[in-house]
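Coordinates as given in run.txt (compact mmCIF, C-alpha atoms):
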# COMPACT_ATOMS: atom_id res chain seq x y z
CA MET A 1 25.52 -44.59 63.77
CA GLY A 2 24.48 -47.54 65.87
CA ILE A 3 25.32 -45.68 69.07
CA ASN A 4 22.85 -42.83 69.04
CA SER A 5 19.59 -43.10 67.20
CA VAL A 6 18.21 -40.02 65.49
CA VAL A 7 15.93 -39.48 68.46
CA THR A 8 15.31 -41.09 71.79
CA ALA A 9 12.03 -41.49 73.54
CA GLY A 10 11.38 -39.54 76.71
CA ALA A 11 9.80 -36.50 78.21
CA ILE A 12 10.28 -33.25 76.33
CA ALA A 13 10.85 -30.01 78.19
CA SER A 14 9.56 -26.78 76.70
CA ASP A 15 12.22 -24.80 74.88
CA PRO A 16 11.52 -21.04 75.06
CA SER A 17 13.62 -20.49 71.91
CA ASP A 18 11.48 -22.93 69.94
CA ASP A 19 8.52 -20.96 68.62
CA TYR A 20 7.02 -24.10 67.09
CA PHE A 21 6.84 -26.01 70.36
CA MET A 22 3.36 -26.99 71.50
CA LYS A 23 2.74 -29.17 74.50
CA LEU A 24 0.34 -31.86 73.34
CA PRO A 25 -1.95 -33.46 75.91
CA GLN A 26 -1.08 -37.01 76.89
CA THR A 27 -4.69 -37.74 77.72
CA SER A 28 -7.90 -36.57 76.19
CA SER A 29 -11.37 -35.88 77.51
CA HIS A 30 -12.81 -37.23 74.28
CA ALA A 31 -14.16 -40.70 73.70
CA SER A 32 -11.69 -43.51 74.26
CA HIS A 33 -11.76 -44.52 70.60
CA MET A 34 -10.30 -41.15 69.56
CA GLN A 35 -6.52 -41.00 69.19
CA PRO A 36 -4.66 -38.32 71.18
CA ALA A 37 -3.16 -35.45 69.19
CA SER A 38 0.36 -36.77 69.73
CA TYR A 39 -0.61 -39.82 67.64
CA PHE A 40 -0.85 -37.59 64.56
CA ALA A 41 2.27 -35.49 65.18
CA ILE A 42 5.85 -36.18 64.23
CA ASP A 43 7.99 -37.45 67.12
CA GLU A 44 8.97 -34.36 69.11
CA ASN A 45 12.63 -35.37 69.47
CA LEU A 46 12.90 -35.96 65.74
CA ARG A 47 11.15 -32.69 64.94
CA ARG A 48 13.52 -30.78 67.18
CA ALA A 49 16.55 -32.47 65.60
CA LEU A 50 15.30 -31.57 62.12
CA ALA A 51 14.47 -28.02 63.27
CA ARG A 52 18.02 -27.56 64.55
CA GLU A 53 19.38 -28.77 61.21
CA THR A 54 17.04 -26.41 59.36
CA ARG A 55 18.13 -23.44 61.46
CA ALA A 56 21.78 -24.34 60.88
CA THR A 57 21.15 -24.65 57.15
CA CYS A 58 19.28 -21.37 56.74
CA SER A 59 21.35 -19.18 59.05
CA VAL A 60 23.99 -16.87 57.59
CA ASP A 61 26.74 -15.64 59.91
CA ASP A 62 28.33 -12.22 59.50
CA SER A 63 31.74 -12.48 57.89
CA GLU A 64 34.09 -10.80 55.47
CA LEU A 65 33.38 -13.40 52.81
CA PRO A 66 32.07 -12.18 49.44
CA PHE A 67 28.30 -12.41 48.98
CA GLN A 68 28.59 -14.52 45.81
CA VAL A 69 31.21 -16.85 44.39
CA HIS A 70 30.63 -18.57 41.06
CA ASN A 71 27.04 -19.88 41.21
CA TYR A 72 26.80 -19.72 45.01
CA TYR A 73 25.64 -16.91 47.29
CA SER A 74 24.99 -16.16 50.98
CA LEU A 75 28.37 -17.49 52.02
CA SER A 76 28.80 -18.34 55.70
CA PRO A 77 32.02 -19.71 57.32
CA LEU A 78 31.90 -23.20 58.85
CA GLU A 79 35.40 -24.26 59.95
CA THR A 80 39.05 -24.23 58.90
CA VAL A 81 41.27 -27.32 59.14
CA ASP A 82 44.88 -28.17 58.39
CA ILE A 83 45.22 -31.23 56.15
CA TYR A 84 48.65 -32.79 56.48
CA THR A 85 50.22 -34.42 53.44
CA SER A 86 53.79 -33.75 52.37
CA GLY A 87 53.04 -30.29 53.80
CA ALA A 88 50.11 -28.68 55.55
CA VAL A 89 47.21 -27.60 53.33
CA LYS A 90 44.78 -25.19 54.97
CA GLN A 91 41.18 -25.80 53.94
CA GLN A 92 38.38 -23.38 54.74
CA SER A 93 34.85 -24.82 54.65
CA ILE A 94 32.08 -22.40 53.71
CA LYS A 95 28.34 -22.95 53.54
CA ALA A 96 26.60 -21.42 50.52
CA GLN A 97 23.36 -21.64 48.58
CA SER A 98 23.22 -22.53 44.91
CA ILE A 99 21.66 -20.17 42.39
CA SER A 100 20.83 -23.15 40.18
CA ASP A 101 18.76 -25.34 42.53
CA GLY A 102 18.46 -23.42 45.82
CA ARG A 103 20.17 -26.17 47.83
CA HIS A 104 22.96 -25.55 50.32
CA TYR A 105 26.46 -26.86 49.71
CA THR A 106 29.86 -26.80 51.37
CA LEU A 107 32.53 -24.91 49.45
CA ASP A 108 35.92 -26.30 50.50
CA ARG A 109 38.40 -23.57 49.68
CA ILE A 110 42.17 -23.93 49.31
CA ALA A 111 43.51 -20.38 49.37
CA GLY A 112 46.62 -18.84 47.90
CA LEU A 113 47.50 -21.15 45.03
CA GLN A 114 50.82 -20.30 43.43
CA PRO A 115 50.66 -18.64 39.98
CA GLY A 116 52.26 -21.65 38.31
CA GLN A 117 50.13 -24.19 40.17
CA LYS A 118 47.52 -25.71 37.86
CA PRO A 119 44.98 -27.93 39.64
CA GLU A 120 43.65 -30.91 37.70
CA LEU A 121 40.01 -29.82 37.71
CA GLY A 122 39.05 -32.66 35.39
CA ALA A 123 40.00 -35.17 38.12
CA ILE A 124 36.75 -34.30 39.89
CA ASP A 125 34.66 -36.03 37.22
CA LYS A 126 35.30 -39.51 38.63
CA TRP A 127 34.40 -38.36 42.14
CA ARG A 128 30.98 -37.22 40.93
CA GLN A 129 30.18 -40.87 40.27
CA VAL A 130 30.78 -41.91 43.89
CA GLN A 131 27.40 -42.18 45.58
CA THR A 132 27.57 -43.62 49.09
CA PRO A 133 25.95 -42.53 52.38
CA ASN A 134 29.22 -41.99 54.25
CA VAL A 135 30.84 -39.65 51.73
CA ALA A 136 29.91 -36.00 51.31
CA HIS A 137 29.13 -36.11 47.59
CA THR A 138 31.48 -34.15 45.32
CA HIS A 139 29.80 -31.88 42.74
CA GLU A 140 32.33 -29.63 41.04
CA ALA A 141 35.65 -27.81 41.35
CA PHE A 142 36.60 -24.36 40.08
CA LEU A 143 39.17 -21.60 40.45
CA THR A 144 38.16 -18.14 41.60
CA HIS A 145 39.62 -14.74 42.52
CA ALA A 146 36.46 -13.70 44.39
CA PHE A 147 38.27 -14.07 47.75
CA GLY A 148 41.04 -11.68 46.69
CA ASP A 149 43.51 -14.41 45.77
CA ASN A 150 43.82 -17.45 43.54
CA SER A 151 41.65 -20.01 45.32
CA LEU A 152 40.59 -23.54 44.48
CA VAL A 153 37.04 -24.43 45.52
CA ILE A 154 35.66 -27.98 45.65
CA VAL A 155 31.91 -28.24 46.18
CA HIS A 156 30.54 -31.00 48.41
CA ASP A 157 27.17 -31.80 49.95
CA TYR A 158 26.43 -29.76 53.06
CA LYS A 159 25.90 -31.86 56.20
CA PRO A 160 24.05 -29.73 58.79
CA LEU A 161 25.70 -29.53 62.23
CA ALA A 162 28.41 -32.03 61.24
CA THR A 163 31.91 -30.94 62.29
CA ASN A 164 35.33 -32.47 61.75
CA LEU A 165 36.24 -35.34 64.04
CA ALA A 166 39.52 -33.75 65.16
CA SER A 167 37.76 -30.73 66.66
CA ARG A 168 35.10 -32.94 68.27
CA ILE A 169 37.87 -34.99 69.91
CA ALA A 170 39.67 -31.85 71.11
CA GLU A 171 36.44 -30.57 72.66
CA GLY A 172 35.68 -33.91 74.32
CA GLN A 173 32.43 -34.29 72.38
CA VAL A 174 32.76 -37.87 71.18
CA PRO A 175 31.56 -41.01 72.99
CA MET A 176 34.13 -43.13 74.80
CA SER A 177 32.50 -46.50 74.17
CA GLU A 178 33.89 -49.38 72.12
CA ALA A 179 30.58 -49.56 70.27
CA PHE A 180 31.16 -46.04 68.95
CA LEU A 181 34.64 -46.97 67.73
CA TRP A 182 33.29 -50.04 65.91
CA SER A 183 30.65 -47.83 64.30
CA VAL A 184 33.29 -45.35 63.08
CA VAL A 185 35.41 -48.19 61.66
CA LEU A 186 32.47 -49.80 59.84
CA GLN A 187 31.20 -46.51 58.40
CA LEU A 188 34.66 -45.57 57.14
CA ALA A 189 35.15 -49.07 55.71
CA SER A 190 31.82 -48.78 53.89
CA ALA A 191 32.81 -45.40 52.41
CA LEU A 192 36.27 -46.58 51.36
CA SER A 193 34.83 -49.71 49.77
CA SER A 194 32.71 -47.59 47.39
CA ILE A 195 35.59 -45.20 46.71
CA HIS A 196 38.09 -47.98 45.97
CA VAL A 197 35.66 -49.88 43.74
CA ALA A 198 35.46 -46.70 41.64
CA GLY A 199 39.25 -46.85 41.19
CA LEU A 200 39.86 -43.86 43.48
CA ALA A 201 41.57 -43.18 46.79
CA VAL A 202 41.05 -40.44 49.41
CA GLN A 203 44.81 -40.14 50.13
CA VAL A 204 44.30 -37.45 52.83
CA LEU A 205 42.07 -39.38 55.24
CA ASP A 206 42.51 -38.38 58.88
CA ALA A 207 40.46 -37.03 61.77
CA SER A 208 40.37 -33.54 60.24
CA THR A 209 38.83 -34.73 56.96
CA VAL A 210 36.12 -36.85 58.60
CA LEU A 211 32.86 -35.21 59.62
CA LEU A 212 30.82 -36.42 62.60
CA SER A 213 27.14 -35.51 62.88
CA PRO A 214 25.19 -35.10 66.17
CA THR A 215 23.77 -38.60 65.57
CA ASN A 216 27.27 -40.07 65.04
CA ARG A 217 26.99 -40.36 61.30
CA VAL A 218 30.44 -40.34 59.73
CA TYR A 219 31.21 -38.64 56.41
CA ILE A 220 34.45 -38.42 54.43
CA SER A 221 34.48 -34.76 53.44
CA CYS A 222 37.55 -34.32 51.24
CA GLY A 223 36.66 -36.31 48.12
CA GLY A 224 38.73 -35.23 45.13
CA LEU A 225 41.09 -32.89 46.99
CA ALA A 226 44.24 -34.98 46.62
CA ASP A 227 43.52 -35.75 42.95
CA VAL A 228 42.85 -32.12 42.01
CA LEU A 229 46.00 -30.88 43.76
CA SER A 230 48.07 -33.96 42.72
CA LEU A 231 49.24 -34.31 46.33
CA HIS A 232 50.39 -37.92 45.95
CA ALA A 233 50.86 -38.23 42.22
CA ALA A 234 53.91 -40.48 42.67
CA HIS A 235 51.88 -43.18 44.46
CA SER A 236 50.17 -45.97 42.57
CA ILE A 237 46.44 -46.37 43.17
CA GLU A 238 47.08 -49.64 45.03
CA VAL A 239 49.45 -47.95 47.47
CA ALA A 240 47.07 -45.02 47.93
CA GLN A 241 44.17 -47.34 48.73
CA GLN A 242 46.28 -49.24 51.26
CA ASN A 243 47.16 -45.95 52.92
CA ASP A 244 43.45 -45.14 53.12
CA LEU A 245 42.71 -48.35 55.01
CA ARG A 246 45.65 -47.88 57.35
CA SER A 247 44.38 -44.36 58.03
CA ILE A 248 41.41 -45.94 59.84
CA GLY A 249 43.94 -47.27 62.35
CA GLN A 250 45.48 -43.80 62.72
CA ILE A 251 42.03 -42.35 63.43
CA LEU A 252 41.47 -45.03 66.08
CA ARG A 253 44.76 -44.04 67.71
CA VAL A 254 43.63 -40.42 67.89
CA LEU A 255 40.33 -41.47 69.44
CA LEU A 256 41.95 -43.81 71.99
CA ASN A 257 44.58 -41.24 72.91
CA ARG A 258 41.91 -39.27 74.80
CA SER A 259 42.09 -41.68 77.74
CA PRO A 260 45.26 -42.28 79.80
CA ASP A 261 44.15 -45.90 80.20
CA ASN A 262 45.03 -46.40 76.52
CA VAL A 263 48.51 -44.83 76.69
CA ILE A 264 51.56 -46.85 77.73
CA ALA A 265 54.79 -45.11 78.65
CA VAL A 266 57.90 -46.83 77.26
CA GLN A 267 61.27 -45.76 78.59
CA GLY A 268 63.35 -44.05 75.97
CA GLN A 269 60.49 -44.10 73.43
CA ALA A 270 57.41 -42.10 72.63
CA PRO A 271 54.26 -43.20 74.52
CA MET A 272 52.33 -45.98 72.79
CA VAL A 273 48.58 -45.95 72.22
CA VAL A 274 46.93 -49.34 72.66
CA PRO A 275 43.38 -50.35 73.65
CA GLY A 276 43.08 -50.66 77.43
CA ARG A 277 41.69 -53.48 79.52
CA GLY A 278 38.08 -52.47 78.91
CA TYR A 279 38.18 -53.34 75.21
CA SER A 280 37.26 -56.68 73.72
CA PRO A 281 39.86 -59.07 72.24
CA GLU A 282 38.27 -58.59 68.80
CA PHE A 283 38.77 -54.82 68.97
CA LYS A 284 42.37 -55.21 70.12
CA GLU A 285 42.99 -57.56 67.21
CA LEU A 286 41.47 -55.06 64.78
CA PHE A 287 43.58 -52.24 66.23
CA GLY A 288 46.73 -54.29 65.83
CA TYR A 289 45.77 -55.37 62.32
CA LEU A 290 45.31 -51.76 61.17
CA ASN A 291 48.35 -50.29 62.91
CA HIS A 292 51.08 -52.93 62.60
CA HIS A 293 53.29 -52.36 59.59
CA VAL A 294 54.04 -56.07 59.45
CA THR A 295 50.50 -56.61 58.13
CA PRO A 296 51.27 -57.11 54.42
CA VAL A 297 47.93 -56.06 52.96
CA VAL A 298 44.91 -54.53 54.71
CA THR A 299 41.56 -55.46 53.16
CA ILE A 300 37.93 -54.49 53.71
CA GLU A 301 37.09 -58.19 53.96
CA ASP A 302 39.46 -58.70 56.89
CA ILE A 303 38.01 -55.67 58.68
CA LEU A 304 34.50 -57.09 58.31
CA ARG A 305 35.69 -60.51 59.46
CA LEU A 306 37.18 -59.01 62.62
CA ALA A 307 34.05 -56.94 63.20
CA GLY A 308 31.89 -60.08 63.14
CA PRO A 309 28.52 -59.53 64.86
CA ARG A 310 29.18 -55.77 65.14
CA VAL A 311 28.27 -55.55 61.46
CA LEU A 312 24.83 -56.94 62.26
CA ALA A 313 24.47 -54.51 65.17
CA GLU A 314 25.26 -51.61 62.84
CA LEU A 315 22.79 -52.93 60.28
CA ASP A 316 20.12 -53.28 62.98
CA ALA A 317 20.69 -49.67 64.02
CA VAL A 318 20.24 -48.52 60.42
CA ARG A 319 17.00 -50.51 60.11
CA ARG A 320 15.66 -49.06 63.36
CA GLU A 321 16.44 -45.57 62.16
CA THR A 322 14.77 -46.28 58.82
CA ASP A 323 11.65 -47.61 60.57
CA LEU A 324 11.49 -44.54 62.77
CA LEU A 325 11.80 -42.16 59.83
CA LEU A 326 9.23 -44.07 57.76
CA ASP A 327 6.74 -44.11 60.64
CA ASN A 328 7.07 -40.36 61.04
CA LEU A 329 6.95 -39.84 57.28
CA ARG A 330 3.59 -41.60 57.21
CA LEU A 331 2.31 -39.19 59.84
CA GLU A 332 3.51 -36.22 57.84
CA MET A 333 1.93 -37.64 54.70
CA GLY A 334 -1.39 -37.70 56.55
CA ASN A 335 -0.82 -34.18 57.86
CA GLY A 336 -0.22 -33.02 54.30
CA ARG A 337 -3.72 -34.18 53.37
CA LEU A 338 -5.16 -32.16 56.24
CA VAL A 339 -3.28 -29.06 55.14
CA ARG A 340 -4.76 -29.32 51.65
CA LEU A 341 -8.20 -29.75 53.19
CA LEU A 342 -7.73 -26.69 55.39
CA CYS A 343 -6.61 -24.66 52.39
CA LYS A 344 -9.75 -25.57 50.45
CA MET A 345 -11.99 -24.69 53.40
CA ASN A 346 -10.34 -21.31 53.91
CA PHE A 347 -10.44 -20.47 50.22
CA VAL A 348 -14.21 -20.80 50.45
CA THR A 349 -15.33 -19.52 53.86
CA GLU A 350 -16.12 -15.85 54.51
CA ARG A 351 -14.74 -14.73 51.16
CA ASP A 352 -15.27 -11.00 50.76
CA ASP A 353 -12.52 -9.77 48.47
CA GLY A 354 -14.65 -8.33 45.69
CA THR A 355 -14.12 -11.26 43.34
CA VAL A 356 -17.38 -12.97 44.33
CA ASP A 357 -20.79 -11.99 45.59
CA SER A 358 -20.49 -11.10 49.28
CA GLU A 359 -23.32 -13.52 50.02
CA TRP A 360 -21.71 -16.42 48.16
CA SER A 361 -19.81 -17.69 51.20
CA GLU A 362 -22.84 -17.38 53.47
CA THR A 363 -25.36 -19.37 51.48
CA GLY A 364 -25.92 -22.93 50.36
CA ASP A 365 -23.17 -25.47 50.82
CA ARG A 366 -20.65 -22.73 51.69
CA TYR A 367 -22.62 -21.84 54.83
CA LEU A 368 -22.42 -25.46 55.95
CA ILE A 369 -18.63 -25.32 55.56
CA LYS A 370 -18.52 -22.20 57.74
CA LEU A 371 -20.52 -23.90 60.47
CA PHE A 372 -18.20 -26.90 60.36
CA ARG A 373 -15.17 -24.61 60.56
CA ASP A 374 -16.66 -22.96 63.67
CA TYR A 375 -17.39 -26.37 65.20
CA VAL A 376 -13.79 -27.48 64.73
CA PHE A 377 -11.89 -24.30 65.60
CA HIS A 378 -14.24 -22.05 67.58
CA ALA A 379 -15.76 -24.50 70.07
CA VAL A 380 -16.28 -23.42 73.70
CA ASP A 381 -16.85 -25.45 76.86
CA ASP A 382 -19.79 -25.23 79.29
CA ASP A 383 -18.17 -22.22 80.97
CA GLY A 384 -17.75 -20.35 77.70
CA ARG A 385 -13.97 -20.83 77.56
CA PRO A 386 -12.33 -21.57 74.19
CA VAL A 387 -11.57 -25.23 73.54
CA ALA A 388 -8.07 -25.41 72.03
CA SER A 389 -7.87 -29.19 71.69
CA MET A 390 -5.52 -30.50 69.04
CA ALA A 391 -7.11 -33.94 69.38
CA HIS A 392 -10.53 -32.43 68.59
CA VAL A 393 -9.18 -30.62 65.52
CA VAL A 394 -7.12 -33.47 64.08
CA GLY A 395 -9.78 -36.08 64.78
CA ASN A 396 -12.54 -34.12 63.04
CA LEU A 397 -10.38 -33.20 60.06
CA ASN A 398 -9.40 -36.84 59.58
CA LYS A 399 -13.07 -37.83 59.61
CA LEU A 400 -13.79 -35.10 57.10
CA ASP A 401 -10.91 -36.15 54.85
CA SER A 402 -12.03 -39.79 54.89
CA GLY A 403 -15.69 -38.87 54.31
CA SER A 404 -16.93 -40.65 57.42
CA PRO A 405 -20.69 -41.41 57.55
CA GLU A 406 -20.67 -40.39 61.22
CA LYS A 407 -23.04 -37.54 62.04
CA VAL A 408 -22.07 -34.23 63.62
CA MET A 409 -24.30 -31.44 64.95
CA LEU A 410 -23.47 -27.96 63.67
CA MET A 411 -24.89 -24.81 65.25
CA SER A 412 -24.90 -21.23 64.04
CA ARG A 413 -23.20 -18.52 66.04
CA ASP A 414 -26.52 -17.06 67.21
CA GLU A 415 -27.66 -20.59 68.15
CA LYS A 416 -30.84 -20.16 66.11
CA SER A 417 -29.95 -22.77 63.49
CA CYS A 418 -28.92 -26.35 64.10
CA LEU A 419 -27.98 -28.89 61.43
CA VAL A 420 -27.14 -32.58 61.78
CA VAL A 421 -25.00 -33.74 58.86
CA SER A 422 -22.45 -36.44 58.13
CA TYR A 423 -18.77 -35.77 57.55
CA SER A 424 -19.17 -37.18 54.04
CA GLU A 425 -21.79 -34.52 53.28
CA VAL A 426 -19.51 -31.75 54.54
CA LYS A 427 -16.66 -33.14 52.45
CA ARG A 428 -18.85 -33.09 49.34
CA CYS A 429 -19.73 -29.45 50.09
CA VAL A 430 -16.04 -28.53 50.42
CA GLU A 431 -15.10 -30.22 47.15
CA ASP A 432 -18.04 -28.76 45.22
CA ALA A 433 -17.43 -25.22 46.53
CA TYR A 434 -13.73 -25.41 45.78
CA GLN A 435 -14.38 -26.71 42.26
CA GLU A 436 -16.85 -23.90 41.69
CA LEU A 437 -14.35 -21.34 42.97
CA THR A 438 -11.55 -22.59 40.73
CA SER A 439 -13.61 -23.41 37.64
CA PRO A 440 -12.11 -21.70 34.56
CA THR A 441 -15.61 -21.24 33.09
CA GLN A 442 -16.99 -19.46 36.15
CA THR A 443 -17.48 -15.69 35.79
CA TRP A 444 -17.24 -13.75 39.04
CA ARG A 445 -17.38 -10.11 37.97

Encoded form using structure tokens:
Amino acid sequence: MGINSVVTAGAIASDPSDDYFMKLPQTSSHASHMQPASYFAIDENLRRALARETRATCSVDDSELPFQVHNYYSLSPLETVDIYTSGAVKQQSIKAQSISDGRHYTLDRIAGLQPGQKPELGAIDKWRQVQTPNVAHTHEAFLTHAFGDNSLVIVHDYKPLATNLASRIAEGQVPMSEAFLWSVVLQLASALSSIHVAGLAVQVLDASTVLLSPTNRVYISCGGLADVLSLHAAHSIEVAQQNDLRSIGQILRVLLNRSPDNVIAVQGQAPMVVPGRGYSPEFKELFGYLNHHVTPVVTIEDILRLAGPRVLAELDAVRRETDLLLDNLRLEMGNGRLVRLLCKMNFVTERDDGTVDSEWSETGDRYLIKLFRDYVFHAVDDDGRPVASMAHVVGNLNKLDSGSPEKVMLMSRDEKSCLVVSYSEVKRCVEDAYQELTSPTQTWR
């Protein structure tokens, strides 16, 4: 997570497939004390990242999947992975929307259960209690014949655009830096710490059961699978948790195996994967600690000790991301106020739907609101061309929302009437007209 922030600053090129995109001016012809429109808008890189996630969440791909399974509908296939335990278990991940709350979830389906095979569905209860950022939260498990066979389905949180680490490695879509590897180790260690404290173990942790997001967030995606299917019932919880921690080392081997610099040929033996010359002594020590069987007990504390200052770097990255999101959230909070203000204005202006007197919107305070609306949205320059300035719109709406005492000159469309009023007076007119319109005691017909 510390490798790629959610967004990066820089110039944004227009995307013809993005119907929301609007090029905001970097400079403004308005007074220097006015903020440019980009000051009030969410960071464009962040908006695009969120828009991609939204499109991925809402899209439904054509498939032969049933429309509804249990309490979930609009099923769309995500990916299928082989999870290796004592034998290969094929897991199909499916995106679906809940009837209960409208949210999207991932249905992890294990197909073709044998007639005598009885999954321990009650084992999922403990996994519901695990709440940690690097684990796709487990919600429920159920059996179904909706797919045409006896299938087990475990429901996890849906992580938009996140795909399993094994496929990302195969496609060459993971960073090659040591910093990325430290980030993966620390995120997995954080997730396993919460899981182990709850008295649980993943037991099937490998590159195929780890999700990687476009921003390098890591998620363990298979919570509860081993317990429900009793894949390692003979192992004690202590042994299972040790295997989880050693699995981090196995994942590092898979990641390092991408580069020939990290592979050593040994005559008469299988090639060995070891960190090459470009890696720090601390990382080499960590790799050896996680992969050498002579290490008696692997602990989270030892991993953090070996990580040293990398823990602080990861924490700094999280804080930077939090600051970025909070800064943009503040902007959106302000934009929400402007939306409510626009709604009130448009409820009132030029209302001719038969519910009110046709002259109501054109007289008194309502007429003043109409003039202000024209001043903000229908302005023209000296050559009679429309002025489509976002800075002009946002600046004036903010002054209106705050009730600024600053004066503004409003002119009728025929240029025969001219009024000089303050923004606070216009705001009072908007509030009074809206209250009158929505008053339960007002009779309109």

May I ask for the distance between atom CA of A:Asn328 and atom CA of A:Lys159, given in Å to one decimal place? 21.2 Å

Give me the residues of stretch 239-327 of chain A that have any atom at most 12 Å from an atom of stretch 213-223 of chain A; for each, the nearest atom pair and the distance in Å, rounded to one decimal. Use all atoms listed in the file, sort by chain and number, and format it as a Markdown table.
| residue | atom | partner | partner_atom | distance |
| --- | --- | --- | --- | --- |
| A:Asp244 | CA | A:Ile220 | CA | 11.3 |
| A:Ile248 | CA | A:Ile220 | CA | 11.6 |
| A:Glu314 | CA | A:Arg217 | CA | 11.5 |
| A:Ala317 | CA | A:Arg217 | CA | 11.6 |
| A:Val318 | CA | A:Arg217 | CA | 10.6 |
| A:Glu321 | CA | A:Thr215 | CA | 10.7 |

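With only C-alpha atoms as the atoms that count, the minimum distance from A:Ile300 to the choices A:Leu338, A:Asn262, A:Leu188, A:Lys370 is reached by A:Leu188.
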
Leaving out A:Asp149 and any residue of its chain fewer than 5 positions from it, which residues lie within 10 Å of it when counting all atoms listed in the file, given as a list in words? Ala111, Gly112, Leu113, Gln114, Leu143 and Thr144 of chain A

Between atom CA of A:Gln187 and atom CA of A:Asn243, what is the spacing in Å?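 Here the two named atoms are 16.9 Å from each other.
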
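In this structure, atom CA of A:Lys416 sits 24.3 Å away from atom CA of A:Arg428.
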
Here's a test: counting only C-alpha atoms, identify every protein, DNA and RNA residue with an atom at most 10 Å from (-13.2, -38.5, 55.9) in the file's coordinate frame, and state them as a list in words.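 Those residues lying close to the given coordinates are Gly395, Asn396, Leu397, Asn398, Lys399, Leu400, Asp401, Ser402, Gly403, Ser404, Pro405, Glu406, Ser422, Tyr423, Ser424, Glu425, Val426 and Lys427 of chain A.
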
Save the residues we just selected, C-alpha atoms, as a CSV table (one decimal), keeping the file's coordinate frame?
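Output file result08.csv is given in full below:
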chain,number,residue,atom,x,y,z
A,395,GLY,CA,-9.8,-36.1,64.8
A,396,ASN,CA,-12.5,-34.1,63.0
A,397,LEU,CA,-10.4,-33.2,60.1
A,398,ASN,CA,-9.4,-36.8,59.6
A,399,LYS,CA,-13.1,-37.8,59.6
A,400,LEU,CA,-13.8,-35.1,57.1
A,401,ASP,CA,-10.9,-36.2,54.8
A,402,SER,CA,-12.0,-39.8,54.9
A,403,GLY,CA,-15.7,-38.9,54.3
A,404,SER,CA,-16.9,-40.6,57.4
A,405,PRO,CA,-20.7,-41.4,57.6
A,406,GLU,CA,-20.7,-40.4,61.2
A,422,SER,CA,-22.4,-36.4,58.1
A,423,TYR,CA,-18.8,-35.8,57.6
A,424,SER,CA,-19.2,-37.2,54.0
A,425,GLU,CA,-21.8,-34.5,53.3
A,426,VAL,CA,-19.5,-31.8,54.5
A,427,LYS,CA,-16.7,-33.1,52.4

Completion of stretch 365-377 of chain A up to N, CA and C atoms, as a tab-separated table (two decimals), in the coordinates of the input:
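This went into part.tsv:
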chain	number	residue	atom	x	y	z
A	365	ASP	N	-24.18	-24.56	50.26
A	365	ASP	CA	-23.17	-25.47	50.82
A	365	ASP	C	-22.05	-24.71	51.53
A	366	ARG	N	-21.74	-23.49	51.07
A	366	ARG	CA	-20.65	-22.73	51.69
A	366	ARG	C	-20.96	-22.39	53.14
A	367	TYR	N	-22.24	-22.15	53.45
A	367	TYR	CA	-22.62	-21.84	54.83
A	367	TYR	C	-22.39	-23.06	55.73
A	368	LEU	N	-22.65	-24.23	55.20
A	368	LEU	CA	-22.42	-25.46	55.95
A	368	LEU	C	-20.92	-25.62	56.28
A	369	ILE	N	-20.07	-25.25	55.32
A	369	ILE	CA	-18.63	-25.32	55.56
A	369	ILE	C	-18.23	-24.36	56.67
A	370	LYS	N	-18.81	-23.18	56.69
A	370	LYS	CA	-18.52	-22.20	57.74
A	370	LYS	C	-18.91	-22.73	59.11
A	371	LEU	N	-20.08	-23.35	59.19
A	371	LEU	CA	-20.52	-23.90	60.47
A	371	LEU	C	-19.57	-25.00	60.94
A	372	PHE	N	-19.12	-25.83	59.99
A	372	PHE	CA	-18.20	-26.90	60.36
A	372	PHE	C	-16.87	-26.31	60.82
A	373	ARG	N	-16.41	-25.26	60.14
A	373	ARG	CA	-15.17	-24.61	60.56
A	373	ARG	C	-15.30	-24.08	61.99
A	374	ASP	N	-16.44	-23.46	62.32
A	374	ASP	CA	-16.66	-22.96	63.67
A	374	ASP	C	-16.70	-24.10	64.69
A	375	TYR	N	-17.30	-25.23	64.30
A	375	TYR	CA	-17.39	-26.37	65.20
A	375	TYR	C	-16.00	-26.92	65.53
A	376	VAL	N	-15.12	-26.92	64.53
A	376	VAL	CA	-13.79	-27.48	64.73
A	376	VAL	C	-12.88	-26.51	65.47
A	377	PHE	N	-12.89	-25.23	65.09
A	377	PHE	CA	-11.89	-24.30	65.60
A	377	PHE	C	-12.41	-23.29	66.64
